[in-house]
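Peer 1: The structure under discussion is supplied below as C-alpha cells; questions concerning it will follow.
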Number of protein chains: 2
Amino acid sequence: MAQKPSIPKGTRDFTPAEMARRNYIFDTIRSVFHLFGFQQIETPAMENLSTLMGKYGEEGDKLLFKTLNSGDFLRGVDMQTIEAGDCPKLAAQLCEKGLRYDLTVPFARFVVMHRNELTFPFKRFQIQPVWRADRPQKGRYREFYQCDADVIGSDSLINEIELLQLIDEVFKKLKVNISIKLNNRKVLAGIAELIGAPEKIVDITVAIDKIDKIGLDNVKAELKERGLSDEAIDKITPIITLDGSNEERLEKLEALLSESATGLKGVEELRFVMKGTNQLGLKSKLELDVSLARGLNYYTGTIIEVKAQDVEIGSITGGGRYDNLTGVFGLPGVSGVGISFGADRIYDVLNALNLYPADITGSAKVMFTNFGPAEAAKSLEIIKLLRQAGISAEIYPEASKMKKQMGRADTLGIPFVAIIGETELANGTVTLKDMTSGEQSELSPENLIAKLK
Amino acid sequence: MAQKPSIPKGTRDFTPAEMARRNYIFDTIRSVFHLFGFQQIETPAMENLSTLMGKYGEEGDKLLFKTLNSGDFLRGVDMQTIEAGDCPKLAAQLCEKGLRYDLTVPFARFVVMHRNELTFPFKRFQIQPVWRADRPQKGRYREFYQCDADVIGSDSLINEIELLQLIDEVFKKLKVNISIKLNNRKVLAGIAELIGAPEKIVDITVAIDKIDKIGLDNVKAELKERGLSDEAIDKITPIITLDGSNEERLEKLEALLSESATGLKGVEELRFVMKGTNQLGLKSKLELDVSLARGLNYYTGTIIEVKAQDVEIGSITGGGRYDNLTGVFGLPGVSGVGISFGADRIYDVLNALNLYPADITGSAKVMFTNFGPAEAAKSLEIIKLLRQAGISAEIYPEASKMKKQMGRADTLGIPFVAIIGETELANGTVTLKDMTSGEQSELSPENLIAKLK
C-alpha cells in the first residue's frame with residue numbers, strides 16, 4: 001500500500017541548491033575557525049537525559065526530544081505513574097536518552113570526560129544540529145544547526161579580542177554588514193550596586209533595553225513600576241542616556257560607577273577589549289551597549305551580540321564569558337569565553353540579500369553530451385583527464401535527444417557543455433559551449449583542460 | 001549536585017585529533033563525489049515512523065530509535081495495550097517519529113516529495129549519521145555515518161562505469177589498496193533458472209560463497225542439504241569452480257547459461273561494465289565474483305563490493321542497481337544504481353595502516369608565544385597578516401612560563417612557533433622555530449609569511 005510521505009513538522013529537507021548555499025556558509029565559518037586555531041570536536045546526537053535534564057530550566061526540559069528505551073520499555077515503569085497520567089515522571093521511566101538541545105551542555109560534558117586528554121587553553125569548535133520540541137514558526141525549526149567556538153581554561157581578554165576579530169572575519173567573508181554590540185556583566189552588576197539593589201539587575205537591564213522604542217520617560221515609569229525609588233532612577237538616568245563615542249561612554253561610565261569596584265573592573269575590561277580590537281582594525285562597527293543583557297544568568301564578563309545591518313532580523317551571533325562551564329558535572333573552575341553563530345538566521349540574511357557567489361551551484365563544471373557508444377567512450381576518456389586535473393565533470397548517461405541533454409545542464413546551472421560528435425571524434429577534439437555566453441569553440445583535450453582549469 | 005557524566009553506549013565523542021582524521025576521510029569522499037558531478041542533499045535526523053516502519057524487516061523495526069511524543073503523550077494511548085504489555089503496539093501510540101536507520105529510505109522519501117523540483121537523471125550524495133539500536137560491539141556503533149551516492153532515473157550502464165571509477169578514485173586518494181568484486185543479480189537468477197529452481201537462488205549463493213573456506217566437497221554437501229538434486233549440483237559445479245581471467249570467466253558463464261535469457265543478459269551487462277571500466281584504466285583490482293550476493297533482495301542488476309587488501313575487515317564499500325526505489329511511497333518505476341562508503345570501517349582501515357598525511361592535525365600552523373602586553377599586541381598584528389594570507393595562526397593567551405607555552409605547540413602538533421620578545425620587538429622581526437627540526441631563524445614579517453605560506 002503506497003503512502004504519501006511527509007516529514008515531521010519543524011524539520012526540513014535540503015535540496016542540492018539549498019545545500020550549496022548552506023555549505024557556503026558552513027565552509028566559510030569552518031575555515032575561519034581553523035584560521036584562528038580552533039579545533040573541531042563532535043558529540044553524539046543522543047545524550048543521556050541525566051546530562052540534559054535541569055540544564056535549560058523547567059521550560060527547556062519540556063522541549064527535549066526524548067528517545068523511547070529499546071526492547072521491553074515497560075519493565076521498570078510504575079503503573080501508578082501511568083494511572084496518575086504524570087507524563088514528565090513517566091517520560092523519565094520510559095526514556096534514558098534524548099537529543100541534544102544545544103552544543104554547550106554536551107561540550108561541558110565532553111570537557112569533564114576528556115579533561116585528561118585535552119590541552120588547555122582548549123580552543124574548540126563544533127558545528128552540529130540541535131533539536132528542540134518548540135512550536136515551529138517562521139524562522140524557528142525543531143532541527144537546526146549551531147556553530148560554536150569557545151576558548152576554555154584561560155581568563156585572558158586576548159581571547160575576547162580574538163573572537164571579535166573572528167566574527168568580523170566571518171561576516172567580511174560572507175559580505176554581510178554587521179554591528180557588534182559589546183557589554184560586560186560587571187558593568188551591569190556595578191549599576192545595580194550603585195543603587196543598592198543588586199537583585200534588580202535584570203529589571204534594570206530589561207527597562208534600559210527599551211529606550212529606543214519607548215523613550216526615556218516611559219523607561220523611567222517602568223523602572224518605578226519595577227520597584228525602583230526615584231533616587232535610584234535619578235542615579236541611573238545618565239547611564240540610560242549614555243551617548244557619544246565608545247571612549248566617551250566608557251569615561252562617563254567610569255565616573256558614574258566610581259563607587260563600585262566591580263563596575264570599574266567591567267569598564268576596564270571593556271576598555272582593554274575595545275582598544276585591542278580597534279588597534280587591529282575591524283571592518284564592522286563595534287559599539288558599547290550597556291543595555292545588552294544576553295545570557296545574563298550565564299555570562300560573568302564580556303557579553304557580545306551581532307546584528308545584521310541591512311536586514312530586520314534578531315541577533316545572528318552572540319556569546320560571552322562565563323566562569324563555571326562544568327561545575328554541574330563535578331569539575332569546578334573551568335572558565336572561558338565563546339560565541340555561537342546562528343547558521344539558520346545567517347542563511348536567511350544571505351537569502352534576503354542574495355549574497356551568494358555565482359559559482360556555488362554544487363553542480364559539475366562541465367557536462368559531456370552523449371551521442372552514442374563510441375562518442376560516450378571517448379568522452380569518458382577525456383572526463384577522466386579533466387577529473388585528474390581537479391575539474392568536476394559528468395556525462396549525460398543516455399544518448400537522449402540533444403534538447404533534453406542541454407536542458408539538464410541549463411537547469412542544474414552547469415556552466416559548460418562539452419560535445420563529442422562525429423566530427424570531433426574524427427578530429428580528436430571537443431567542442432566546448434559556454435552556457436552563459438553561448439560561445440562555442442573546438443578544442444584539443446589539452447586546451448580544454450587549460451580552458452576549464 | 002555533581003554527576004559523573006557519561007554518554008549512551010554505542011555512541012562516541014570525537015576529539016580534535018580524531019576529527020582531523022575523520023574529516024580527512026569525509027573531505028576526500030566529498031571531493032570525489034563533487035568531481036563526478038554528484039550533488040549533496042540532507043534530510044532531517046527524525047523521520048515519521050510511518051516512513052521508516054516496515055522498510056527494514058521485522059528485525060529492523062525493533063532497531064529503530066523512536067522519539068517519545070511531546071506534551072501529553074498518554075493521550076490517545078490505549079490502557080489495554082499497556083496492561084497487555086504489548087511494547088511494539090504501545091510504541092506506535094507513544095511515538096510518531098524516529099531516527100533514520102539508513103540514508104536510502106529517507107532518500108526515497110525525498111525523491112517522492114521533491115520529484116517536481118528534481119532534474120533526472122538525479123545524481124545525489126548524502127553524508128549523514130544514522131542510528132540503530134543494535135547491540136554495540138567492536139566496530140559496531142549505535143550512531144555512525146553513511147556516505148551514499150546514487151544515480152536515479154537512468155538505466156544506462158555508463159553509471160556503473162562511473163561509480164566504479166569513483167570508488168577507485170576515492171581509495172587511490174586515501175592510499176588504500178582495494179579489490180572490487182562485481183556480480184549481477186541476473187547471472188544469479190540465470191543459475192537458479194538453469195537448475196529449474198529459481199526459489200533456491202539464496203541457498204545456492206550462500207553455499208557458493210563458502211568455497212574458499214570449506215572446499216568444493218563441503219559446498220556440494222551443503223547444496224544437497226539445502227535440497228538440491230545431484231543433477232542440479234552437477235550443473236552448478238562448473239560455475240562454483242569458475243576460474244581464469246575475468247574474460248575467461250565471462251565466456252564460461254555465457255556457455256553455461258546459454259539456455260537462460262536472463263543469465264545471458266547478466267553476462268552481457270557485466271561484460272559491458274568491465275570492458276568500459278578497464279578501457280579507462282583502474283588502479284584497483286576488478287574481479288568477477290558470482291558468489292557475491294550482497295543485498296540480494298534489493299538489487300536487480302549490478303552488485304558491487306569493495307574489500308581492503310591489507311587489513312582483515314568486512315566490506316568497506318558496496319552497492320548495486322535497483323529498479324524500484326520509491327514504489328513503497330507511491331512512485332513506481334524509479335530505477336537507479338548507488339554505492340555506500342562505510343566511513344567507520346574505512347576509518348578503522350586508515351588507523352590500522354596509519355595512512356594519514358602528517359599535516360592533518362587540525363591545529364594552527366603557527367603559535368605565537370606571549371611575553372606580555374606589548375609583545376602580545378605586536379604578535380596579534382602579525383597574526384592578522386598571516387591570517388589574511390590564509391595561514392592559520394594563534395597566540396598563547398597568557399604570558400605563562402615558556403615551557404608551558406612551548407608544551408602546548410608540541411602537544412597539539414603545531415609545526416611552527418613564532419616568538420616576539422624584547423629583541424624582536426626592537427628589531428621589528430619575528431623568531432620562527434621549526435618544531436620538527438628545532439631550527440630557528442629571525443625573520444621580517446614579510447619573510448615569515450613567505451616561509452609559512
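Residues in the C-alpha cells are named by chain (A, B, ... in the order shown) and by number from 1 within that chain; ligands are numbered from 1 in the order shown.
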What lies within 9 Å of range 344-349 of chain B using only C-alpha atoms, ignoring chain neighbours under 6 positions off, as a short mmCIF file (atom, residue, chain, number, x, y, z; two decimals) with N, CA, C and O atoms, in the first residue's frame?

Peer 2:
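result12.cif written:
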data_model
loop_
_atom_site.label_atom_id
_atom_site.label_comp_id
_atom_site.auth_asym_id
_atom_site.auth_seq_id
_atom_site.Cartn_x
_atom_site.Cartn_y
_atom_site.Cartn_z
N ARG B 21 41.24 13.29 11.56
CA ARG B 21 41.34 12.08 10.74
C ARG B 21 40.03 11.78 10.01
O ARG B 21 40.02 11.42 8.84
N ARG B 22 38.93 11.94 10.74
CA ARG B 22 37.63 11.67 10.11
C ARG B 22 37.35 12.69 9.00
O ARG B 22 36.85 12.33 7.93
N ILE B 25 38.94 11.79 5.79
CA ILE B 25 38.19 10.78 5.04
C ILE B 25 36.94 11.38 4.39
O ILE B 25 36.70 11.24 3.19
N GLY B 139 33.63 -2.17 16.57
CA GLY B 139 33.37 -1.77 15.19
C GLY B 139 31.90 -1.60 14.85
O GLY B 139 31.56 -1.31 13.71
N ARG B 140 31.02 -1.81 15.83
CA ARG B 140 29.59 -1.59 15.55
C ARG B 140 29.03 -0.57 16.54
O ARG B 140 29.10 -0.75 17.75
N PHE B 144 26.42 6.07 13.55
CA PHE B 144 27.56 6.03 12.64
C PHE B 144 27.17 6.70 11.33
O PHE B 144 26.00 6.93 11.05
N TYR B 145 28.19 7.04 10.54
CA TYR B 145 27.95 7.79 9.31
C TYR B 145 27.83 6.88 8.11
O TYR B 145 28.53 5.87 8.01
N GLN B 146 26.94 7.26 7.21
CA GLN B 146 26.92 6.64 5.89
C GLN B 146 27.23 7.71 4.84
O GLN B 146 26.91 8.88 5.03
N VAL B 176 44.48 3.48 0.02
CA VAL B 176 44.08 2.15 0.49
C VAL B 176 44.00 1.22 -0.73
O VAL B 176 43.32 1.53 -1.71
N ALA B 308 39.19 -4.17 1.52
CA ALA B 308 40.56 -3.67 1.70
C ALA B 308 41.51 -4.84 1.56
O ALA B 308 41.22 -5.95 2.02
N ASP B 310 44.83 -4.98 2.58
CA ASP B 310 45.90 -5.12 3.57
C ASP B 310 45.42 -5.19 5.01
O ASP B 310 46.22 -5.18 5.95
N VAL B 311 44.11 -5.25 5.20
CA VAL B 311 43.54 -5.36 6.55
C VAL B 311 42.40 -6.37 6.51
O VAL B 311 41.63 -6.39 5.56
N GLU B 312 42.33 -7.18 7.54
CA GLU B 312 41.23 -8.13 7.66
C GLU B 312 40.01 -7.40 8.19
O GLU B 312 39.93 -7.06 9.38
N ILE B 313 39.06 -7.12 7.36
CA ILE B 313 37.88 -6.40 7.79
C ILE B 313 36.80 -6.69 6.76
O ILE B 313 37.10 -7.06 5.63
N GLY B 314 35.56 -6.58 7.12
CA GLY B 314 34.47 -6.84 6.17
C GLY B 314 34.50 -5.85 5.02
O GLY B 314 35.45 -5.09 4.85
N SER B 315 33.46 -5.86 4.24
CA SER B 315 33.37 -4.97 3.08
C SER B 315 33.38 -3.51 3.53
O SER B 315 32.75 -3.16 4.53
N ILE B 316 34.13 -2.66 2.83
CA ILE B 316 34.23 -1.26 3.23
C ILE B 316 33.41 -0.32 2.33
O ILE B 316 33.27 0.85 2.63
N THR B 317 32.88 -0.87 1.25
CA THR B 317 32.01 -0.11 0.36
C THR B 317 31.19 -1.13 -0.41
O THR B 317 31.66 -2.24 -0.68
N LEU B 355 47.54 5.59 7.58
CA LEU B 355 47.65 6.16 6.23
C LEU B 355 47.36 7.65 6.18
O LEU B 355 47.15 8.21 5.11
#

Peer 1: Find the residues around range 152-162 of chain B up to 8 Å (only C-alpha atoms counted), leave out those fewer than 3 positions away in its own chain, and share them as an MDAnalysis selection string.

Peer 2: (chainID A and resid 397:398) or (chainID B and resid 36 120:123 165:166 269 272:274 276:277 302 334:337)

Peer 1: Can you list, as a VMD selection string, all residues belonging to range 38-71 of chain B that DSSP tags as strand (DSSP E or B)?

Peer 2: chain B and resid 39 to 40 42 46 to 48 66 to 68

Peer 1: Store the residues picked out above, limited to all heavy atoms, as a compact mmCIF listing (two decimals), in the first residue's frame.

Peer 2:
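Final file, part_26.txt:
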# COMPACT_ATOMS: atom_id res chain seq x y z
N GLN B 39 25.51 15.74 -6.45
CA GLN B 39 25.08 16.90 -5.69
C GLN B 39 24.56 16.47 -4.32
O GLN B 39 23.85 15.47 -4.19
CB GLN B 39 23.95 17.61 -6.43
CG GLN B 39 24.38 18.18 -7.76
CD GLN B 39 23.30 19.08 -8.30
OE1 GLN B 39 22.21 18.64 -8.63
NE2 GLN B 39 23.58 20.36 -8.36
N GLN B 40 24.87 17.29 -3.33
CA GLN B 40 24.55 16.90 -1.95
C GLN B 40 23.11 17.23 -1.57
O GLN B 40 22.56 18.26 -1.97
CB GLN B 40 25.51 17.65 -1.00
CG GLN B 40 25.45 17.13 0.42
CD GLN B 40 26.58 17.68 1.28
OE1 GLN B 40 27.27 18.61 0.90
NE2 GLN B 40 26.75 17.10 2.46
N GLU B 42 20.51 16.88 2.17
CA GLU B 42 20.41 16.44 3.56
C GLU B 42 18.95 16.28 3.92
O GLU B 42 18.09 17.00 3.42
CB GLU B 42 21.10 17.44 4.51
CG GLU B 42 22.61 17.25 4.57
CD GLU B 42 23.33 18.09 5.61
OE1 GLU B 42 22.65 18.75 6.43
OE2 GLU B 42 24.56 18.08 5.62
N MET B 46 15.21 13.07 12.27
CA MET B 46 13.97 12.36 12.60
C MET B 46 13.09 12.26 11.36
O MET B 46 12.91 13.23 10.63
CB MET B 46 13.21 13.10 13.70
CG MET B 46 13.82 12.91 15.08
SD MET B 46 12.79 13.62 16.38
CE MET B 46 13.18 15.36 16.19
N GLU B 47 12.54 11.08 11.15
CA GLU B 47 11.53 10.86 10.11
C GLU B 47 10.24 10.42 10.81
O GLU B 47 10.28 9.93 11.95
CB GLU B 47 11.99 9.75 9.15
CG GLU B 47 13.20 10.09 8.29
CD GLU B 47 12.83 10.87 7.03
OE1 GLU B 47 11.63 11.03 6.73
OE2 GLU B 47 13.77 11.36 6.35
N ASN B 48 9.12 10.57 10.15
CA ASN B 48 7.91 9.97 10.68
C ASN B 48 8.08 8.46 10.71
O ASN B 48 8.64 7.89 9.78
CB ASN B 48 6.71 10.34 9.81
CG ASN B 48 6.36 11.80 9.92
OD1 ASN B 48 6.45 12.39 11.01
ND2 ASN B 48 5.97 12.40 8.81
N LYS B 66 13.02 5.38 18.60
CA LYS B 66 11.74 6.10 18.48
C LYS B 66 11.73 7.27 19.45
O LYS B 66 12.22 7.19 20.57
CB LYS B 66 10.59 5.14 18.77
CG LYS B 66 10.57 3.95 17.80
CD LYS B 66 9.50 2.91 18.16
CE LYS B 66 9.60 1.72 17.21
NZ LYS B 66 10.72 0.80 17.54
N THR B 67 11.14 8.37 19.01
CA THR B 67 11.10 9.59 19.81
C THR B 67 9.74 9.71 20.49
O THR B 67 8.70 9.70 19.82
CB THR B 67 11.32 10.82 18.90
OG1 THR B 67 12.53 10.62 18.16
CG2 THR B 67 11.42 12.08 19.72
N LEU B 68 9.77 9.83 21.80
CA LEU B 68 8.53 9.98 22.57
C LEU B 68 7.81 11.26 22.13
O LEU B 68 8.42 12.32 22.02
CB LEU B 68 8.88 10.06 24.06
CG LEU B 68 7.73 9.99 25.06
CD1 LEU B 68 7.05 8.63 25.04
CD2 LEU B 68 8.22 10.32 26.47

Peer 1: Could you pull the residues within 12 Å of Ile233 in chain B, counting only C-alpha atoms, minus those fewer than 4 positions along the same chain, as a list of chain:residue names?

Peer 2: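 Residues near the query, excluding close chain neighbours: B:Ile191, B:Ala192, B:Leu194, B:Ile195, B:Gly196, B:Ala197, B:Lys200, B:Ile204, B:Ala207, B:Ile208, B:Leu216, B:Asp217, B:Val219, B:Lys220, B:Ala221, B:Glu222, B:Leu223, B:Lys224, B:Glu225, B:Arg226, B:Gly227, B:Leu228, B:Ser229, B:Thr237, B:Pro238, B:Ile239, B:Ile240, B:Thr241.
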
Peer 1: To one decimal in Å, tell me the separation between CA of Arg75 in chain B and CA of Asp78 in chain A.

Peer 2: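 Here the two named atoms are 17.5 Å from each other.
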
Peer 1: Give me, as a PDB file with N, CA and C atoms, in the first residue's frame, all polymer residues having an atom no more than 12 Å from Gly54 in chain B, counting only C-alpha atoms and skipping those fewer than 6 positions away in the same chain.

Peer 2:
ATOM      1  N   MET A   1       0.856  -1.199   0.000  1.00  0.00           N
ATOM      2  CA  MET A   1       0.000   0.000   0.000  1.00  0.00           C
ATOM      3  C   MET A   1       0.890   1.246   0.000  1.00  0.00           C
TER       4      MET A   1
ATOM      5  N   GLY B  60      14.554  -5.007  11.750  1.00  0.00           N
ATOM      6  CA  GLY B  60      14.883  -3.597  11.582  1.00  0.00           C
ATOM      7  C   GLY B  60      13.941  -2.693  12.365  1.00  0.00           C
ATOM      8  N   ASP B  61      12.660  -3.009  12.344  1.00  0.00           N
ATOM      9  CA  ASP B  61      11.686  -2.205  13.100  1.00  0.00           C
ATOM     10  C   ASP B  61      12.079  -2.109  14.569  1.00  0.00           C
ATOM     11  N   LYS B  62      12.586  -3.221  15.091  1.00  0.00           N
ATOM     12  CA  LYS B  62      12.986  -3.244  16.507  1.00  0.00           C
ATOM     13  C   LYS B  62      14.202  -2.378  16.762  1.00  0.00           C
ATOM     14  N   LEU B  63      15.008  -2.192  15.731  1.00  0.00           N
ATOM     15  CA  LEU B  63      16.270  -1.453  15.904  1.00  0.00           C
ATOM     16  C   LEU B  63      16.116   0.052  15.667  1.00  0.00           C
ATOM     17  N   LEU B  64      14.889   0.483  15.384  1.00  0.00           N
ATOM     18  CA  LEU B  64      14.661   1.919  15.202  1.00  0.00           C
ATOM     19  C   LEU B  64      14.627   2.617  16.565  1.00  0.00           C
ATOM     20  N   TYR B 101      17.404   5.221   9.998  1.00  0.00           N
ATOM     21  CA  TYR B 101      18.116   3.951  10.168  1.00  0.00           C
ATOM     22  C   TYR B 101      19.174   3.793   9.068  1.00  0.00           C
ATOM     23  N   VAL B 105      16.098   4.942   2.625  1.00  0.00           N
ATOM     24  CA  VAL B 105      14.663   5.190   2.778  1.00  0.00           C
ATOM     25  C   VAL B 105      14.365   6.698   2.835  1.00  0.00           C
ATOM     26  N   VAL B 328       7.231   2.028  -2.757  1.00  0.00           N
ATOM     27  CA  VAL B 328       6.550   1.951  -1.469  1.00  0.00           C
ATOM     28  C   VAL B 328       5.947   3.303  -1.086  1.00  0.00           C
TER      29      VAL B 328
END

Peer 1: For a test of reading the model, state the distance in Å between CA of Ile339 in chain B and CA of Glu169 in chain B, rounded to one decimal.

Peer 2: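 CA of Glu169 in chain B lies at a distance of 13.6 Å from CA of Ile339 in chain B.
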
Peer 1: Could you please determine the separation between CA of Lys365 in chain A and CA of Arg408 in chain A in Å, to one decimal place?

Peer 2: 12.7 Å
